[in-house]
Amino acid sequence: MRVAVVGLGHVARHVHLPLLTGLGQYFRITAVCDSQPGYAAEVARQVGVPGSGVFADTRSLFGCGEFDAVLLLTSGSHASLAVEALKRGYPVFCEKPLAHTADEAALVAGAGERLMLGYMKQYDPAVTKALGALDAAAIRHIDVSVLHPPERFPATDWTPAAAPPPKHTGAREHWEYRAVLDSACHDVALIRLLAGVAELDVDAAASWGARDGEAGSLEFSGPLPHGRYTVRWHFLPDYPEYEERVRVHTEAGTHDLSFTNPYFFGADSGFERELLAFHALATTGTPPLSGAAEGAADVRTALKVLHALGKSA
């Protein structure tokens with residue numbers, strides 16, 4: 001399957017491009033796109049894409065047509081690009097967040113069904129194993145704890161160009177909203193999957209510890225069909241390494257899942273499995289674990305967190 005990769009930042013270079021290249025029996029990169037001058041051409045040389053497959057803007061990219069599917073790996077809201085790609089008939093792999101508002105997310109959901117969100121933890125082998133042994137009706141509580149220092153990537157000779165700080169308006173002005181949609185969304189998606197629900201309600205939330213323009217600590221919780229869930233998310237600037245623990249307490253025992261820095265991974269990772277799931281979506285129509293409807297639900301969950309915090313959404 002010929003793919004176009006839009007957005008060539010850290011995650012693309014450290015995760016998706018190496019995996020796409022390694023999964024050559026499934027994928028062939030035929031187009032790359034990035035707005036930073038020279039980035040697309042440099043990546044094209046590394047992955048063997050000819051000059052005709054190098055683009056600096058998506059308008060030119062979508063006018064090319066030399067690919068079968070699109071990977072949207074840019075930062076921020078992916079709504080407008082996803083809508084354009086879906087309306088042109090391309091299957092879309094979309095990094096989170098799907099959108100920044102409920103209205104944006106609804107536009108994506110109305111543009112087509114062949115979209116998959118990049119929630120790699122849903123495809124982690126440990127999660128797959130837990131799902132096979134878990135009775136959702138027996139869940140009493142799902143407890144999530146995330147200790148999140150600044151992101152650390154494997155060493156590379158590539159140095160990204162400095163990007164201007166993002167300008168946030170509306171709900172995005174609140175760091176809590178960004179913490180949910182940019183990071184804790186993975187945990188929201190996991191809870192949805194493990195508990196077998198379409199969307200999470202939020203009835204309590206608190207935040208504290210933010211300083212100097214950085215995120216702080218965030219806690220939110222709500223009901224499940226037969227129990228409750230709790231998410232505790234902490235941005236810790238000096239913490240040594242990323243740690244995450246998901247504990248699913250049932251009437252018969254506890255399923256204990258743990259995750260370390262996601263960018264240091266081995267064979268048969270959640271990242272690899274999600275790309276294979278995208279291939280299945282694009283080629284055979286196999287539904288993903290999270291598509292546009294689930295992404296829209298997660299946007300609404302973030303807004304519910306703000307509402308529980310007493311802040312305007």
# chains A, B, ... in the order shown; residues from 1 in each chain; ligands from 1
>>> closest_atom_pairs(of="segment 251-303 of chain A", to="segment 112-129 of chain A", cutoff="6 Å", atoms="only C-alpha atoms", output="CSV")
residue,atom,partner,partner_atom,distance
A:Gly270,CA,A:Asp124,CA,4.0
A:Phe271,CA,A:Met120,CA,5.2
A:Arg273,CA,A:Tyr123,CA,6.0
A:Glu274,CA,A:Met120,CA,5.9
A:Pro288,CA,A:Met116,CA,5.9
A:Ser290,CA,A:Leu117,CA,5.7
A:Gly291,CA,A:Met116,CA,4.6
>>> closest_residue(among="A:Arg45, A:Arg88, A:Arg2, A:His307", to="Gly24 of chain A", atoms="only C-alpha atoms")
A:Arg2
>>> residues_around(residues="Leu98 of chain A", least_positions_apart="2", cutoff="10 Å", atoms="only C-alpha atoms", output="VMD selection string")
chain A and resid 72 76 to 80 82 94 to 96 100 to 102 104 to 105 108 115 to 118 181 to 182 291 to 296 298 to 299
>>> write_last_selection(atoms="N, CA, C and O atoms", output="short mmCIF file (atom, residue, chain, number, x, y, z; two decimals), in the first residue's frame")
data_model
loop_
_atom_site.label_atom_id
_atom_site.label_comp_id
_atom_site.auth_asym_id
_atom_site.auth_seq_id
_atom_site.Cartn_x
_atom_site.Cartn_y
_atom_site.Cartn_z
N LEU A 72 -1.39 11.20 8.96
CA LEU A 72 -1.32 12.57 9.46
C LEU A 72 -0.59 12.56 10.79
O LEU A 72 -1.15 12.18 11.82
N GLY A 76 -1.15 19.23 16.92
CA GLY A 76 -2.37 20.04 16.97
C GLY A 76 -3.57 19.31 16.40
O GLY A 76 -3.58 18.09 16.22
N SER A 77 -4.62 20.06 16.10
CA SER A 77 -5.84 19.49 15.55
C SER A 77 -5.58 18.94 14.16
O SER A 77 -4.91 19.56 13.34
N HIS A 78 -6.14 17.77 13.89
CA HIS A 78 -6.01 17.14 12.57
C HIS A 78 -7.31 17.21 11.78
O HIS A 78 -7.42 16.58 10.72
N ALA A 79 -8.28 17.95 12.28
CA ALA A 79 -9.62 17.91 11.71
C ALA A 79 -9.64 18.32 10.24
O ALA A 79 -10.18 17.60 9.39
N SER A 80 -9.09 19.48 9.92
CA SER A 80 -9.22 19.98 8.54
C SER A 80 -8.50 19.07 7.55
O SER A 80 -9.03 18.78 6.46
N ALA A 82 -7.81 15.86 7.97
CA ALA A 82 -8.52 14.58 7.91
C ALA A 82 -9.75 14.67 7.03
O ALA A 82 -10.03 13.78 6.22
N CYS A 94 -4.47 8.86 11.77
CA CYS A 94 -4.44 10.20 12.35
C CYS A 94 -3.87 10.14 13.76
O CYS A 94 -4.40 9.44 14.62
N GLU A 95 -2.80 10.88 13.98
CA GLU A 95 -2.30 11.01 15.35
C GLU A 95 -3.28 11.82 16.17
O GLU A 95 -4.08 12.61 15.65
N LYS A 96 -3.22 11.64 17.47
CA LYS A 96 -4.10 12.41 18.35
C LYS A 96 -3.53 13.82 18.51
O LYS A 96 -2.33 14.03 18.30
N HIS A 100 -9.81 19.78 18.13
CA HIS A 100 -9.74 20.59 19.34
C HIS A 100 -11.12 20.92 19.91
O HIS A 100 -11.23 21.35 21.05
N THR A 101 -12.16 20.76 19.10
CA THR A 101 -13.50 21.07 19.56
C THR A 101 -14.45 19.97 19.12
O THR A 101 -14.18 19.20 18.19
N ALA A 102 -15.62 19.92 19.78
CA ALA A 102 -16.62 18.93 19.41
C ALA A 102 -17.15 19.17 18.00
O ALA A 102 -17.44 18.22 17.26
N GLU A 104 -15.45 20.48 15.44
CA GLU A 104 -14.44 19.98 14.51
C GLU A 104 -14.52 18.47 14.37
O GLU A 104 -14.48 17.92 13.27
N ALA A 105 -14.63 17.80 15.50
CA ALA A 105 -14.68 16.34 15.49
C ALA A 105 -15.90 15.83 14.74
O ALA A 105 -15.83 14.82 14.03
N VAL A 108 -15.28 15.75 11.04
CA VAL A 108 -14.49 14.60 10.60
C VAL A 108 -15.38 13.37 10.54
O VAL A 108 -15.33 12.60 9.56
N LEU A 115 -11.06 6.16 8.94
CA LEU A 115 -10.08 6.90 9.72
C LEU A 115 -9.75 6.10 10.97
O LEU A 115 -10.64 5.55 11.62
N MET A 116 -8.47 6.07 11.31
CA MET A 116 -8.00 5.38 12.51
C MET A 116 -7.15 6.32 13.33
O MET A 116 -6.28 7.01 12.80
N LEU A 117 -7.40 6.36 14.64
CA LEU A 117 -6.61 7.18 15.54
C LEU A 117 -5.40 6.41 16.05
O LEU A 117 -5.47 5.21 16.31
N GLY A 118 -4.28 7.13 16.23
CA GLY A 118 -3.03 6.51 16.65
C GLY A 118 -2.95 6.30 18.15
O GLY A 118 -2.09 6.89 18.82
N LEU A 181 -6.06 15.82 26.01
CA LEU A 181 -6.10 15.50 24.58
C LEU A 181 -4.75 15.11 24.00
O LEU A 181 -4.69 14.37 23.02
N ASP A 182 -3.67 15.60 24.56
CA ASP A 182 -2.35 15.32 24.00
C ASP A 182 -1.63 14.16 24.68
O ASP A 182 -0.66 13.63 24.14
N GLY A 291 -11.83 5.08 15.90
CA GLY A 291 -11.97 5.87 14.69
C GLY A 291 -12.46 7.27 15.01
O GLY A 291 -12.28 7.77 16.13
N ALA A 292 -13.12 7.90 14.04
CA ALA A 292 -13.57 9.28 14.23
C ALA A 292 -14.58 9.41 15.36
O ALA A 292 -14.56 10.39 16.12
N ALA A 293 -15.48 8.44 15.49
CA ALA A 293 -16.49 8.53 16.55
C ALA A 293 -15.85 8.48 17.93
O ALA A 293 -16.22 9.25 18.83
N GLU A 294 -14.86 7.59 18.09
CA GLU A 294 -14.17 7.49 19.38
C GLU A 294 -13.33 8.74 19.64
O GLU A 294 -13.23 9.21 20.78
N GLY A 295 -12.69 9.27 18.60
CA GLY A 295 -11.93 10.50 18.77
C GLY A 295 -12.80 11.66 19.19
O GLY A 295 -12.43 12.48 20.04
N ALA A 296 -14.01 11.74 18.61
CA ALA A 296 -14.95 12.78 18.99
C ALA A 296 -15.38 12.61 20.45
O ALA A 296 -15.53 13.59 21.19
N ASP A 298 -13.57 11.40 22.81
CA ASP A 298 -12.47 11.82 23.68
C ASP A 298 -12.36 13.34 23.76
O ASP A 298 -11.96 13.88 24.80
N VAL A 299 -12.70 14.03 22.68
CA VAL A 299 -12.76 15.49 22.73
C VAL A 299 -13.83 15.91 23.74
O VAL A 299 -13.61 16.81 24.57
#
>>> closest_residue(among="A:Ala282, A:Gly7, A:Ser145, A:Ala136", to="Leu86 of chain A", atoms="only C-alpha atoms")
A:Ala282
>>> residues_around(residues="Ser60 of chain A", least_positions_apart="6", cutoff="12 Å", atoms="only C-alpha atoms", output="ChimeraX atom specification")
/A:6,31-35,52-54,66
>>> residues_around(residues="Glu219 of chain A", least_positions_apart="6", cutoff="12 Å", atoms="only C-alpha atoms", output="ChimeraX atom specification")
/A:143-146,176-177,179-180,184,202-209,229-235,302,305-306,308-309
>>> closest_residue(among="A:Leu303, A:Ala85, A:Ala171, A:Leu8", to="Gly63 of chain A", atoms="only C-alpha atoms")
A:Ala85
>>> closest_residue(among="A:Gly22, A:Gly310, A:Pro97, A:Gly285", to="Thr74 of chain A", atoms="only C-alpha atoms")
A:Pro97
>>> atom_distance(atom1="atom CA of Val92 of chain A", atom2="atom CA of Gln46 of chain A")
23.3 Å
>>> residues_around(residues="Leu17 of chain A", least_positions_apart="6", cutoff="10 Å", atoms="only C-alpha atoms", output="PyMOL selection string")
chain A and resi 5+8+11+23+29+43+46-47
>>> atom_distance(atom1="atom CA of Pro225 of chain A", atom2="atom CA of Ala189 of chain A")
15.9 Å
>>> closest_residue(among="A:Gly196, A:Gly216, A:Gly110, A:Gly132", to="Leu236 of chain A", atoms="only C-alpha atoms")
A:Gly216
>>> residues_around(residues="Asp157 of chain A", least_positions_apart="4", cutoff="12 Å", atoms="only C-alpha atoms", output="number ranges by chain")
A: 10, 13-14, 153
>>> select_by_dssp(residues="segment 215-304 of chain A", states="strand (DSSP E or B)", output="number ranges by chain")
A: 217-224, 227-235, 243-250, 254-259
